[in-house]
Amino acid sequence: PRRVKVYILAGQSNMVGHADVKVMRTNLEHGPDQYRDLWTPLVHNSSATGMSWVEFDDVSIRAVRDDYDSHGKLTVGYGSKGVCIGPELGFGVRMHERSQGDAQQGEDQPHVLIIKASWGGRSLYKDFKSPSTPLPNDVFLEQDCGSTSSIEACTGDYGEYYRNMMDVIRDTLDNVGSYVSESGTDSSSANGGGEERAIEPELAGFVWFQGWNDQYSEYARVSYEGNMVQFIQDVRADLQAPNLPFVIGVLGVEATSAIAEAQRRAGQDHHRVLGDSVAVVETHELLDQPTLEAFSNWTQDPENWARYGCQPPYHYYGSPRFFYLAGRAFAEAALSVAQ
């Protein structure tokens with residue numbers, strides 16, 4: 001059988017990714033040099049004019065985000081509206097590099113499939129509520145649901161995006177051949193026949209990058225740690241993968257917030273119930289000073305800002321550099337935890 005390592009990337013808008021590819025093109029044309037050096041290996045022609053982006057034969061992706069559902073070989077454009085990147089690009093490139101290193105050492109080189117399921121503006125306490133996580137108390141529910149909706153109808157919305165996420169994962173795994181057959185050599189001539197090799201998917205890791213929408217309710221802030229731990233347990237149970245490596249991307253724009261602290265505790269203080277296969281990545285460390293300085297002066301110098309980002313701070317400034325490096329950091333953590 002053809003081995004396929006499957007990684008799941010899930011969360012809200014910063015897993016969707018709002019770093020516009022046009023910023024990367026600007027880097028290739030106008031720098032700065034350290035950014036140009038990031039993108040040059042990802043293009044067939046290092047000139048931004050008439051260039052084409054590399055597609056990785058050994059990494060496939062299905063990305064379901066907001067109103068988009070697309071799949072193919074890993075390349076740019078699997079973020080927001082099909083014109084942006086999120087963490088998936090750096091994640092997949094790092095996995096490609098790992099596979100190439102294994103191949104050079106004569107080791108098996110499995111294909112990589114990324115399943116990205118992400119929707120902007122979604123909370124953990126409500127939208128991604130996992131099945132075993134208790135509902136809030138009635139007092140909170142009355143406030144959360146408002147006077148125009150019955151509690152019963154309102155609570156039916158709790159967990160909607162957890163269910164959507166699991167539907168995407170299961171559908172992709174059930175039809176895995178549809179999502180990897182376009183990439184690499186999975187047929188025929190290599191086997192001396194015309195039939196495709198059977199595909200053997202292996203769940204290899206889960207990355208969670210979310211948190212913004214849980215900041216605005218005391219209940220959501222206080223319950224986040226427990227909700228996160230329960231989420232991990234339920235994902236593993238639902239996927240029948242009790243030791244599935246799990247990576248939490250810590251909220252970086254508000255790195256000292258209650259949510260960020262809860263994410264750290266969830267990933268570091270629950271070994272008894274989660275085991276040792278959970279890691280946290282400090283995303284705030286990946287924001288660079290030139291981007292922050294360019295944003296602070298963007299109204300006076302928009303041309304300079306266009307070389308660094310395109311979004312407000314809550315989307316990590318729409319910085320392609322940030323999202324690319326975050327994806328690589330998530331991949332490193334997933335590989336480390338798996339060992």
# chains A, B, ... in the order shown; residues from 1 in each chain; ligands from 1

$ residues_around --residues "Asp67 in chain A" --least-positions-apart "2" --cutoff "9 Å" --atoms "only C-alpha atoms" --output "PyMOL selection string"
chain A and resi 64-65+69+81+119

$ select_by_dssp --residues "range 122-334 of chain A" --states "strand (DSSP E)" --output "JSON, numbers by chain"
{"A": [199, 200, 201, 202, 203, 204, 205, 206, 207, 208, 209, 246, 247, 248, 249, 250, 278, 279, 280, 281, 282]}

$ atom_distance --atom1 "CA of Gly318 in chain A" --atom2 "CA of Phe246 in chain A"
25.2 Å

$ closest_residue --among "A:Gly120, A:Gly275, A:Pro87, A:Pro32" --to "Arg236 in chain A" --atoms "only C-alpha atoms"
A:Gly275

$ closest_atom_pairs --of "range 199-302 of chain A" --to "range 35-44 of chain A" --cutoff "12 Å" --atoms "only C-alpha atoms" --output "tab-separated table"
residue	atom	partner	partner_atom	distance
A:Asp288	CA	A:Tyr35	CA	11.3
A:Pro290	CA	A:Tyr35	CA	11.0
A:Thr291	CA	A:Tyr35	CA	11.1

$ write_last_selection --atoms "N, CA, C and O atoms" --output "PDB file, in the first residue's frame"
ATOM      1  N   ASP A 288       8.110  39.898  13.526  1.00  0.00           N
ATOM      2  CA  ASP A 288       9.395  40.602  13.497  1.00  0.00           C
ATOM      3  C   ASP A 288       9.199  42.112  13.611  1.00  0.00           C
ATOM      4  O   ASP A 288       8.166  42.668  13.247  1.00  0.00           O
ATOM      5  N   PRO A 290      10.550  44.730  11.984  1.00  0.00           N
ATOM      6  CA  PRO A 290      10.283  45.542  10.788  1.00  0.00           C
ATOM      7  C   PRO A 290       8.812  45.575  10.399  1.00  0.00           C
ATOM      8  O   PRO A 290       8.308  46.614   9.953  1.00  0.00           O
ATOM      9  N   THR A 291       8.099  44.470  10.588  1.00  0.00           N
ATOM     10  CA  THR A 291       6.667  44.450  10.267  1.00  0.00           C
ATOM     11  C   THR A 291       5.900  45.367  11.205  1.00  0.00           C
ATOM     12  O   THR A 291       5.022  46.138  10.780  1.00  0.00           O
TER      13      THR A 291
END

$ atom_distance --atom1 "CA of Ala294 in chain A" --atom2 "CA of Gly309 in chain A"
8.5 Å

$ select_by_dssp --residues "range 81-280 of chain A" --states "helix (DSSP H, G or I)" --output "NGL selection string"
:A and (81-82 or 88-104 or 138-145 or 151-155 or 160-174 or 176-180 or 188-191 or 212-214 or 218-238 or 258-268 or 271-274)

$ closest_residue --among "A:Gly249, A:Pro302, A:Pro242, A:Gly211" --to "Val273 in chain A" --atoms "only C-alpha atoms"
A:Pro242

$ closest_residue --among "A:His284, A:Arg321, A:Lys73, A:Arg221" --to "Gly92 in chain A" --atoms "only C-alpha atoms"
A:Lys73

$ closest_residue --among "A:Gly82, A:Gly252, A:Tyr125, A:Gly226" --to "Glu285 in chain A" --atoms "only C-alpha atoms"
A:Gly252

$ closest_residue --among "A:Glu55, A:Asp301, A:Asp144, A:Asp269" --to "Val93 in chain A" --atoms "only C-alpha atoms"
A:Glu55

$ closest_residue --among "A:Arg3, A:Ser130, A:Pro245, A:Phe322" --to "Gln289 in chain A" --atoms "only C-alpha atoms"
A:Phe322

$ residues_around --residues "Gly86 in chain A" --least-positions-apart "3" --cutoff "12 Å" --atoms "only C-alpha atoms" --output "PyMOL selection string"
chain A and resi 9-21+63+65+74-83+89-92+116-118+209+315-316+318-328+330
